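> My file is data.txt. It has compact mmCIF, C-alpha atoms:
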```txt
# COMPACT_ATOMS: atom_id res chain seq x y z
CA MET A 1 46.99 -83.16 -33.29
CA VAL A 2 48.12 -79.55 -33.65
CA ARG A 3 50.58 -78.82 -30.85
CA PRO A 4 50.20 -75.56 -28.99
CA LYS A 5 53.26 -73.42 -29.55
CA GLN A 6 52.48 -70.06 -28.05
CA PHE A 7 51.78 -70.99 -24.47
CA ASN A 8 52.41 -73.59 -21.85
CA ASN A 9 50.25 -76.45 -23.04
CA GLU A 10 49.77 -78.24 -19.74
CA LYS A 11 49.09 -75.20 -17.60
CA ALA A 12 46.57 -73.87 -20.10
CA LEU A 13 44.90 -77.27 -20.47
CA ASN A 14 44.66 -77.57 -16.69
CA GLU A 15 43.02 -74.15 -16.46
CA ALA A 16 40.58 -75.03 -19.24
CA MET A 17 39.76 -78.34 -17.54
CA GLN A 18 39.00 -76.58 -14.26
CA MET A 19 36.79 -74.07 -16.06
CA PHE A 20 34.76 -76.80 -17.81
CA TRP A 21 34.66 -78.76 -14.54
CA THR A 22 33.29 -75.69 -12.71
CA LYS A 23 30.84 -74.25 -15.22
CA GLY A 24 30.11 -77.21 -17.49
CA TYR A 25 30.51 -77.31 -21.26
CA ASP A 26 27.37 -75.27 -21.99
CA GLY A 27 28.07 -72.78 -19.22
CA THR A 28 31.68 -72.10 -20.30
CA SER A 29 32.00 -69.22 -22.74
CA LEU A 30 34.86 -68.43 -25.09
CA PRO A 31 35.80 -65.35 -23.00
CA ASP A 32 35.93 -67.63 -19.89
CA LEU A 33 38.44 -69.85 -21.69
CA LEU A 34 40.55 -67.04 -23.11
CA GLN A 35 40.81 -65.45 -19.69
CA CYS A 36 41.63 -68.55 -17.63
CA MET A 37 44.06 -69.92 -20.24
CA ASN A 38 45.56 -66.48 -20.75
CA VAL A 39 45.62 -66.81 -24.52
CA SER A 40 44.32 -64.88 -27.50
CA ARG A 41 41.40 -66.09 -29.54
CA SER A 42 43.62 -66.86 -32.54
CA SER A 43 46.11 -68.72 -30.37
CA LEU A 44 43.33 -70.86 -28.91
CA TYR A 45 41.95 -71.71 -32.34
CA ASN A 46 45.43 -72.41 -33.72
CA SER A 47 46.20 -74.77 -30.88
CA TYR A 48 42.86 -76.47 -30.25
CA GLN A 49 40.70 -75.86 -33.35
CA ASP A 50 37.52 -75.11 -31.40
CA LYS A 51 35.81 -75.27 -27.99
CA GLN A 52 34.66 -78.85 -28.51
CA THR A 53 38.14 -80.14 -29.45
CA LEU A 54 39.62 -78.33 -26.47
CA PHE A 55 36.95 -79.90 -24.25
CA HIS A 56 37.87 -83.39 -25.50
CA GLN A 57 41.53 -82.66 -24.73
CA THR A 58 40.65 -81.61 -21.19
CA LEU A 59 38.82 -84.94 -20.74
CA THR A 60 42.00 -86.74 -21.82
CA TYR A 61 44.09 -84.53 -19.55
CA TYR A 62 41.85 -85.38 -16.59
CA GLN A 63 42.06 -89.10 -17.32
CA GLN A 64 45.86 -89.01 -17.63
CA THR A 65 46.38 -87.09 -14.38
CA ILE A 66 43.69 -87.13 -11.67
CA GLY A 67 41.78 -90.10 -13.07
CA ALA A 68 44.96 -92.18 -13.39
CA SER A 69 46.05 -91.35 -9.84
CA LYS A 70 42.75 -92.68 -8.47
CA ARG A 71 42.92 -95.91 -10.47
CA GLU A 72 46.55 -96.51 -9.47
CA ALA A 73 45.42 -96.52 -5.84
CA LEU A 74 42.92 -99.26 -6.69
CA THR A 75 45.29 -101.56 -8.54
CA GLY A 76 48.47 -100.84 -6.58
CA ALA A 77 47.37 -102.20 -3.18
CA HIS A 78 48.27 -105.60 -1.74
CA SER A 79 44.72 -106.75 -1.10
CA ALA A 80 41.41 -106.24 -2.90
CA LYS A 81 39.66 -104.54 0.00
CA ASP A 82 42.63 -102.33 0.71
CA GLY A 83 42.80 -101.33 -2.98
CA ILE A 84 39.11 -100.41 -2.95
CA ARG A 85 39.55 -98.46 0.29
CA GLN A 86 42.59 -96.62 -1.09
CA TYR A 87 40.73 -95.81 -4.31
CA PHE A 88 37.83 -94.28 -2.40
CA TYR A 89 40.05 -92.43 0.06
CA ARG A 90 41.84 -90.80 -2.88
CA LEU A 91 38.52 -90.09 -4.63
CA ILE A 92 37.22 -88.43 -1.42
CA LYS A 93 40.42 -86.40 -1.04
CA ILE A 94 40.21 -85.15 -4.63
CA ALA A 95 36.44 -84.54 -4.44
CA LEU A 96 36.89 -82.36 -1.33
CA SER A 97 40.17 -80.70 -2.36
CA GLU A 98 40.12 -76.93 -2.14
CA GLU A 99 42.64 -76.78 -4.99
CA LEU A 100 40.12 -78.28 -7.39
CA PRO A 101 36.52 -77.41 -8.34
CA GLY A 102 35.03 -80.21 -6.22
CA GLY A 103 33.56 -83.63 -7.00
CA CYS A 104 34.72 -85.21 -10.24
CA PHE A 105 34.98 -83.73 -13.73
CA PHE A 106 33.65 -86.90 -15.41
CA THR A 107 30.70 -87.20 -13.00
CA ASN A 108 29.74 -83.62 -13.78
CA VAL A 109 30.01 -84.27 -17.50
CA ALA A 110 27.85 -87.39 -17.07
CA THR A 111 25.04 -85.30 -15.57
CA SER A 112 25.06 -82.99 -18.58
CA LEU A 113 25.24 -85.60 -21.35
CA GLU A 114 21.85 -84.54 -22.70
CA THR A 115 23.47 -81.72 -24.63
CA ALA A 116 26.88 -83.38 -25.21
CA ASP A 117 28.35 -84.56 -28.51
CA GLU A 118 28.62 -88.26 -29.37
CA ASN A 119 32.39 -88.41 -28.71
CA THR A 120 31.88 -87.09 -25.17
CA ARG A 121 29.01 -89.50 -24.49
CA GLN A 122 31.18 -92.39 -25.64
CA ARG A 123 34.14 -91.24 -23.54
CA VAL A 124 32.04 -91.02 -20.37
CA TYR A 125 30.47 -94.43 -21.06
CA GLU A 126 33.88 -96.04 -21.60
CA SER A 127 35.34 -94.41 -18.50
CA LEU A 128 32.53 -95.73 -16.28
CA LYS A 129 32.59 -99.15 -17.93
CA SER A 130 36.35 -99.49 -17.47
CA LEU A 131 36.11 -98.41 -13.81
CA GLU A 132 33.45 -101.07 -13.24
CA GLU A 133 35.73 -103.66 -14.88
CA LEU A 134 38.61 -102.54 -12.71
CA PHE A 135 36.50 -103.04 -9.55
CA TYR A 136 35.46 -106.45 -10.89
CA ASN A 137 39.03 -107.54 -11.61
CA VAL A 138 40.25 -106.41 -8.20
CA LEU A 139 37.37 -108.32 -6.54
CA LEU A 140 38.09 -111.36 -8.72
CA ARG A 141 41.71 -111.37 -7.61
CA GLY A 142 40.52 -111.06 -4.00
CA LEU A 143 38.22 -114.01 -4.53
CA GLN A 144 41.03 -116.11 -6.04
CA MET A 145 43.30 -115.17 -3.13
CA GLY A 146 40.67 -116.26 -0.61
CA GLU A 147 40.07 -112.72 0.64
CA ILE A 148 36.54 -112.43 -0.73
CA ASP A 149 33.70 -114.80 0.23
CA PRO A 150 33.01 -116.99 -2.85
CA ASN A 151 29.28 -116.77 -2.12
CA LYS A 152 29.29 -113.05 -2.94
CA ASP A 153 28.27 -112.02 -6.44
CA ILE A 154 31.28 -109.90 -7.33
CA ARG A 155 29.74 -108.68 -10.60
CA LYS A 156 26.93 -107.05 -8.60
CA LYS A 157 29.40 -105.78 -5.97
CA ALA A 158 31.44 -104.12 -8.74
CA SER A 159 28.43 -102.20 -10.03
CA LEU A 160 27.47 -101.24 -6.48
CA LEU A 161 30.96 -99.77 -5.97
CA LEU A 162 30.65 -97.90 -9.27
CA GLY A 163 27.33 -96.46 -8.09
CA LEU A 164 28.85 -95.46 -4.78
CA SER A 165 31.80 -93.73 -6.45
CA GLN A 166 29.44 -91.56 -8.49
CA GLY A 167 27.23 -90.92 -5.47
CA ILE A 168 30.14 -89.68 -3.36
CA ASN A 169 31.24 -87.43 -6.22
CA VAL A 170 27.79 -85.82 -6.18
CA LEU A 171 27.40 -85.60 -2.40
CA SER A 172 30.87 -84.09 -1.97
CA ARG A 173 29.57 -80.96 -3.69
CA VAL A 174 27.24 -80.42 -0.76
CA TYR A 175 28.65 -82.27 2.26
CA LYS A 176 32.23 -81.36 3.12
CA GLU A 177 32.63 -84.21 5.60
CA LYS A 178 35.51 -86.58 4.88
CA GLU A 179 34.53 -88.97 7.69
CA LEU A 180 30.99 -89.36 6.35
CA PHE A 181 32.34 -90.62 3.03
CA GLU A 182 35.05 -92.76 4.60
CA ASN A 183 32.36 -94.36 6.77
CA MET A 184 30.30 -95.00 3.66
CA ILE A 185 33.02 -96.97 1.94
CA ASN A 186 34.00 -98.82 5.11
CA THR A 187 30.36 -99.78 5.67
CA ALA A 188 30.18 -101.03 2.08
CA LEU A 189 33.47 -102.96 2.50
CA GLU A 190 32.12 -104.80 5.56
CA GLU A 191 29.66 -106.53 3.26
CA ILE A 192 32.15 -107.54 0.59
CA MET B 1 4.89 -64.35 -4.84
CA VAL B 2 3.75 -62.71 -8.06
CA ARG B 3 1.31 -65.08 -9.74
CA PRO B 4 1.63 -65.59 -13.46
CA LYS B 5 -1.46 -64.26 -15.18
CA GLN B 6 -0.71 -64.40 -18.86
CA PHE B 7 0.02 -68.06 -19.36
CA ASN B 8 -0.54 -71.48 -17.90
CA ASN B 9 1.64 -71.42 -14.82
CA GLU B 10 2.16 -75.13 -14.35
CA LYS B 11 2.80 -76.02 -17.97
CA ALA B 12 5.29 -73.18 -18.34
CA LEU B 13 7.02 -74.04 -15.05
CA ASN B 14 7.28 -77.65 -16.14
CA GLU B 15 8.87 -76.60 -19.44
CA ALA B 16 11.31 -74.29 -17.64
CA MET B 17 12.20 -77.07 -15.19
CA GLN B 18 12.95 -79.47 -18.02
CA MET B 19 15.10 -76.85 -19.74
CA PHE B 20 17.17 -76.18 -16.59
CA TRP B 21 17.34 -79.93 -15.95
CA THR B 22 18.66 -80.51 -19.48
CA LYS B 23 21.06 -77.59 -19.94
CA GLY B 24 21.83 -76.54 -16.36
CA TYR B 25 21.38 -73.06 -14.91
CA ASP B 26 24.47 -71.60 -16.59
CA GLY B 27 23.77 -73.30 -19.91
CA THR B 28 20.15 -72.11 -20.11
CA SER B 29 19.73 -68.80 -21.92
CA LEU B 30 16.84 -66.37 -21.74
CA PRO B 31 15.86 -67.21 -25.37
CA ASP B 32 15.81 -70.94 -24.38
CA LEU B 33 13.33 -70.11 -21.62
CA LEU B 34 11.14 -67.81 -23.69
CA GLN B 35 10.89 -70.43 -26.41
CA CYS B 36 10.16 -73.48 -24.25
CA MET B 37 7.71 -71.57 -22.00
CA ASN B 38 6.14 -69.91 -25.01
CA VAL B 39 6.03 -66.49 -23.34
CA SER B 40 7.26 -63.01 -24.09
CA ARG B 41 10.19 -61.46 -22.25
CA SER B 42 7.95 -58.99 -20.44
CA SER B 43 5.52 -61.73 -19.44
CA LEU B 44 8.35 -63.81 -18.01
CA TYR B 45 9.72 -60.89 -15.99
CA ASN B 46 6.24 -59.91 -14.79
CA SER B 47 5.55 -63.43 -13.61
CA TYR B 48 8.92 -64.59 -12.29
CA GLN B 49 11.01 -61.45 -11.78
CA ASP B 50 14.21 -62.93 -13.22
CA LYS B 51 15.97 -66.13 -14.33
CA GLN B 52 17.17 -66.92 -10.80
CA THR B 53 13.72 -66.56 -9.22
CA LEU B 54 12.24 -68.72 -11.97
CA PHE B 55 14.96 -71.31 -11.33
CA HIS B 56 14.09 -71.43 -7.63
CA GLN B 57 10.44 -71.94 -8.54
CA THR B 58 11.33 -74.86 -10.80
CA LEU B 59 13.22 -76.44 -7.90
CA THR B 60 10.06 -76.13 -5.78
CA TYR B 61 7.96 -77.48 -8.63
CA TYR B 62 10.25 -80.51 -8.93
CA GLN B 63 10.08 -81.17 -5.20
CA GLN B 64 6.30 -80.93 -5.13
CA THR B 65 5.77 -83.26 -8.08
CA ILE B 66 8.48 -85.75 -9.06
CA GLY B 67 10.45 -85.50 -5.80
CA ALA B 68 7.30 -86.00 -3.71
CA SER B 69 6.22 -89.04 -5.75
CA LYS B 70 9.57 -90.74 -5.04
CA ARG B 71 9.43 -90.04 -1.31
CA GLU B 72 5.82 -91.26 -1.08
CA ALA B 73 7.00 -94.63 -2.38
CA LEU B 74 9.54 -94.78 0.45
CA THR B 75 7.19 -93.93 3.28
CA GLY B 76 4.01 -95.54 1.94
CA ALA B 77 5.18 -99.18 1.97
CA HIS B 78 4.35 -101.77 4.62
CA SER B 79 7.95 -102.72 5.44
CA ALA B 80 11.22 -100.79 5.57
CA LYS B 81 12.96 -102.88 2.91
CA ASP B 82 9.95 -102.77 0.64
CA GLY B 83 9.74 -98.98 1.04
CA ILE B 84 13.41 -98.62 0.13
CA ARG B 85 12.97 -100.95 -2.86
CA GLN B 86 9.88 -99.04 -4.04
CA TYR B 87 11.69 -95.72 -3.65
CA PHE B 88 14.58 -96.90 -5.80
CA TYR B 89 12.36 -98.57 -8.38
CA ARG B 90 10.53 -95.27 -8.81
CA LEU B 91 13.80 -93.33 -8.91
CA ILE B 92 15.10 -95.70 -11.62
CA LYS B 93 11.87 -95.38 -13.61
CA ILE B 94 12.03 -91.58 -13.48
CA ALA B 95 15.78 -91.48 -14.16
CA LEU B 96 15.34 -93.60 -17.30
CA SER B 97 12.00 -92.10 -18.44
CA GLU B 98 12.00 -90.94 -22.05
CA GLU B 99 9.42 -88.28 -21.13
CA LEU B 100 11.96 -86.52 -18.89
CA PRO B 101 15.53 -85.24 -19.39
CA GLY B 102 17.09 -88.23 -17.57
CA GLY B 103 18.61 -88.71 -14.12
CA CYS B 104 17.44 -86.26 -11.46
CA PHE B 105 17.12 -82.48 -11.58
CA PHE B 106 18.49 -82.03 -8.05
CA THR B 107 21.47 -84.34 -8.67
CA ASN B 108 22.36 -82.30 -11.75
CA VAL B 109 22.05 -79.07 -9.79
CA ALA B 110 24.27 -80.56 -7.05
CA THR B 111 27.05 -81.15 -9.58
CA SER B 112 26.97 -77.52 -10.64
CA LEU B 113 26.80 -75.87 -7.22
CA GLU B 114 30.15 -74.17 -7.77
CA THR B 115 28.45 -71.38 -9.68
CA ALA B 116 25.09 -71.49 -7.88
CA ASP B 117 23.59 -68.87 -5.56
CA GLU B 118 23.37 -69.42 -1.81
CA ASN B 119 19.63 -70.13 -1.85
CA THR B 120 20.15 -72.96 -4.37
CA ARG B 121 23.08 -74.41 -2.40
CA GLN B 122 20.94 -74.43 0.73
CA ARG B 123 17.99 -76.01 -1.07
CA VAL B 124 20.10 -78.85 -2.43
CA TYR B 125 21.73 -79.41 0.97
CA GLU B 126 18.35 -79.55 2.71
CA SER B 127 16.90 -81.87 0.10
CA LEU B 128 19.75 -84.37 0.48
CA LYS B 129 19.74 -84.08 4.26
CA SER B 130 15.99 -84.69 4.46
CA LEU B 131 16.25 -87.70 2.15
CA GLU B 132 18.97 -89.16 4.38
CA GLU B 133 16.72 -88.59 7.42
CA LEU B 134 13.84 -90.27 5.62
CA PHE B 135 16.00 -93.35 4.93
CA TYR B 136 17.09 -93.31 8.57
CA ASN B 137 13.52 -93.09 9.90
CA VAL B 138 12.31 -95.89 7.63
CA LEU B 139 15.25 -98.07 8.77
CA LEU B 140 14.56 -97.16 12.41
CA ARG B 141 10.95 -98.25 12.06
CA GLY B 142 12.18 -101.48 10.46
CA LEU B 143 14.53 -102.02 13.37
CA GLN B 144 11.74 -101.42 15.89
CA MET B 145 9.47 -103.83 14.00
CA GLY B 146 12.15 -106.52 14.08
CA GLU B 147 12.70 -106.41 10.32
CA ILE B 148 16.21 -104.96 10.50
CA ASP B 149 19.10 -106.68 12.30
CA PRO B 150 19.79 -104.60 15.47
CA ASN B 151 23.53 -105.12 14.93
CA LYS B 152 23.43 -103.01 11.79
CA ASP B 153 24.41 -99.36 12.07
CA ILE B 154 21.34 -97.82 10.45
CA ARG B 155 22.83 -94.31 10.46
CA LYS B 156 25.62 -95.53 8.19
CA LYS B 157 23.18 -97.56 6.10
CA ALA B 158 21.08 -94.41 5.58
CA SER B 159 24.03 -92.45 4.20
CA LEU B 160 25.02 -95.42 2.03
CA LEU B 161 21.51 -95.43 0.53
CA LEU B 162 21.75 -91.68 -0.04
CA GLY B 163 25.07 -92.20 -1.85
CA LEU B 164 23.56 -94.96 -3.96
CA SER B 165 20.56 -92.81 -4.93
CA GLN B 166 22.86 -90.10 -6.25
CA GLY B 167 25.09 -92.66 -7.95
CA ILE B 168 22.19 -94.22 -9.83
CA ASN B 169 21.00 -90.77 -10.89
CA VAL B 170 24.44 -90.17 -12.46
CA LEU B 171 24.86 -93.61 -14.02
CA SER B 172 21.37 -93.52 -15.53
CA ARG B 173 22.60 -90.77 -17.84
CA VAL B 174 24.95 -93.28 -19.42
CA TYR B 175 23.60 -96.79 -18.77
CA LYS B 176 20.02 -97.32 -19.89
CA GLU B 177 19.72 -100.67 -18.14
CA LYS B 178 16.85 -100.89 -15.64
CA GLU B 179 17.93 -104.36 -14.44
CA LEU B 180 21.45 -103.19 -13.61
CA PHE B 181 20.08 -100.56 -11.23
CA GLU B 182 17.41 -102.85 -9.77
CA ASN B 183 20.16 -105.40 -9.09
CA MET B 184 22.21 -102.70 -7.39
CA ILE B 185 19.51 -101.84 -4.91
CA ASN B 186 18.57 -105.49 -4.31
CA THR B 187 22.25 -106.30 -3.66
CA ALA B 188 22.41 -103.38 -1.21
CA LEU B 189 19.17 -104.53 0.48
CA GLU B 190 20.58 -108.02 1.06
CA GLU B 191 23.04 -106.44 3.48
CA ILE B 192 20.51 -104.37 5.41
```
Could you take the file, read its structure, and then write that structure out as structure tokens?


Amino acid sequence: MVRPKQFNNEKALNEAMQMFWTKGYDGTSLPDLLQCMNVSRSSLYNSYQDKQTLFHQTLTYYQQTIGASKREALTGAHSAKDGIRQYFYRLIKIALSEELPGGCFFTNVATSLETADENTRQRVYESLKSLEELFYNVLLRGLQMGEIDPNKDIRKKASLLLGLSQGINVLSRVYKEKELFENMINTALEEI
Amino acid sequence: MVRPKQFNNEKALNEAMQMFWTKGYDGTSLPDLLQCMNVSRSSLYNSYQDKQTLFHQTLTYYQQTIGASKREALTGAHSAKDGIRQYFYRLIKIALSEELPGGCFFTNVATSLETADENTRQRVYESLKSLEELFYNVLLRGLQMGEIDPNKDIRKKASLLLGLSQGINVLSRVYKEKELFENMINTALEEI
């Protein structure tokens, strides 16, 4: 990977991520990127090759920062249900944050995969698949610890939670009601 | 409303809807529209004023066709649970259809509201709100008919179903597995 030399890599990447998150890959123009990253055209091409490579790096940046912070909440709790609750509470907080574009970068990218490149499609697929596995593993641990009813099909519960996570990411673009989403996850947890 | 005179209104609207659905409002260019609608620039402006007005008309077109067909499945069934199942089965079929861009036009628009005009924001909000009310009313009827456990909080169940509908619309862009989604809704229905 060519390392950016002429500007603050992380700040510029963060700005580019927020631009793609807000306007989508197709809707983001080169002038949009140059302006928000505060770089020259040659500097951008020297550092990131092209728009698509930069986009892939913003996906990685999201996963290593915001994405990671959500998943840590899921795996770092003492009980399965508490981990799931903490994950969703953090997701809701991020989705409604006024410091960020709203919702989730990956969810937005998922809804525009029709025009995306194969690498992006694969990245989104793997991200969703690994989140589903994470839910499953947390539920499995809860089942082994006697917290989860052994009659529940935890494979199906894991995909239901995955569906709910994506649903909240969409709805948060329209409804700005934290309690509504917290109620949603607590209602879902009552049945797990 | 200015009526289109120089070309087949419905066919052209349908093409424009699929273009916006695929590439998003920001990602759709005027040449994209002219090509898919097979019209001249002057014809498009005569008939639809501008890109934004055309976009609003495609939202209406979606609601009156695909959106209406989903909601009819919900309200046309004999029981509440069957109506909900039929709604989701139709949603899944449409979301995975190879004849359409995939997922749901309104869900995609919801994820790009950051850059949308006020009319579009309002339309998406009202569409989601009315779907939630529809779920609530179907559940209420089920409760009155003795089908739904009176201890269940049907207001919360309605918003959970709304969340799930949006989640499936997102996931269907990545997972092409009908059974996975049908299992999701049947798992959710077990708890209603």

> So how far away is atom CA of A:Asn169 from atom CA of B:Gly167, in Å?

8.3 Å

> Pick from A:Glu182, A:Phe105, A:Leu171, A:Tyr61: nearest to B:Glu132, with all atoms listed in the file counted?

A:Leu171

> I'd like the neighbourhood of B:Leu161 as a ChimeraX atom specification, where a residue qualifies if any of its atoms comes within 10 Å (using all atoms listed in the file), though same-chain residues fewer than 6 positions away should be ignored.

/A:164,167,184 /B:84,88,131-132,135-136,167,185,188-189

> Using atom CA of B:Glu114 and atom CA of A:Pro101 as the two end points, give the distance in Å to one decimal.

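Separating atom CA of B:Glu114 from atom CA of A:Pro101 is a distance of 7.2 Å.
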
> Identify which of the residues A:Ala110, A:Ile154, A:Met145, A:Ile94 lies closest to chain B, counting all atoms listed in the file when measuring atom-to-atom distances.

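Going through A:Ala110, A:Ile154, A:Met145, A:Ile94 one by one, the smallest distance to chain B is for A:Ala110.
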
> Around all of stretch 147-162 of chain A's listed atoms, make the axis-aligned box with 8 Å on each side and tell me centre and edge lengths in Å to one decimal, as lines of an AutoDock Vina configuration file.


```
center_x = 33.5
center_y = -107.4
center_z = -5.0
size_x = 29.1
size_y = 35.1
size_z = 27.2
```

> Could the residues of chain A that have an atom at most 6 Å from chain B be listed as JSON lines, each with its closest atom pair and the distance in Å to one decimal, counting all atoms listed in the file and ordered by chain and ascending residue number?


```
{"residue": "A:Asp26", "atom": "CA", "partner": "B:Gly27", "partner_atom": "CA", "distance": 4.6}
{"residue": "A:Gly27", "atom": "CA", "partner": "B:Gly27", "partner_atom": "CA", "distance": 4.4}
{"residue": "A:Asn108", "atom": "CA", "partner": "B:Thr111", "partner_atom": "CA", "distance": 5.6}
{"residue": "A:Thr111", "atom": "CA", "partner": "B:Asn108", "partner_atom": "CA", "distance": 5.5}
{"residue": "A:Tyr125", "atom": "CA", "partner": "B:Val174", "partner_atom": "CA", "distance": 5.9}
{"residue": "A:Leu160", "atom": "CA", "partner": "B:Met184", "partner_atom": "CA", "distance": 5.5}
{"residue": "A:Gly163", "atom": "CA", "partner": "B:Gly167", "partner_atom": "CA", "distance": 4.4}
{"residue": "A:Leu164", "atom": "CA", "partner": "B:Leu164", "partner_atom": "CA", "distance": 5.4}
{"residue": "A:Gln166", "atom": "CA", "partner": "B:Gly167", "partner_atom": "CA", "distance": 4.5}
{"residue": "A:Gly167", "atom": "CA", "partner": "B:Gly167", "partner_atom": "CA", "distance": 3.7}
{"residue": "A:Ile168", "atom": "CA", "partner": "B:Gly163", "partner_atom": "CA", "distance": 5.9}
{"residue": "A:Val170", "atom": "CA", "partner": "B:Thr111", "partner_atom": "CA", "distance": 5.8}
{"residue": "A:Val174", "atom": "CA", "partner": "B:Tyr125", "partner_atom": "CA", "distance": 5.9}
{"residue": "A:Met184", "atom": "CA", "partner": "B:Leu160", "partner_atom": "CA", "distance": 5.5}
```

> Env of stretch 12-14 of chain B: 9 Å cut, atoms = only C-alpha atoms, seq-sep filter 3 positions within chain, self excluded. Answer as an MDAnalysis selection string.

chainID B and resid 7:9 17:19 36:39 54 57:58 61:62

> If you measure from atom CA of B:Gln35 to atom CA of A:Asp117, what distance in Å do you get, rounded to one decimal?

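It comes out at 22.6 Å.
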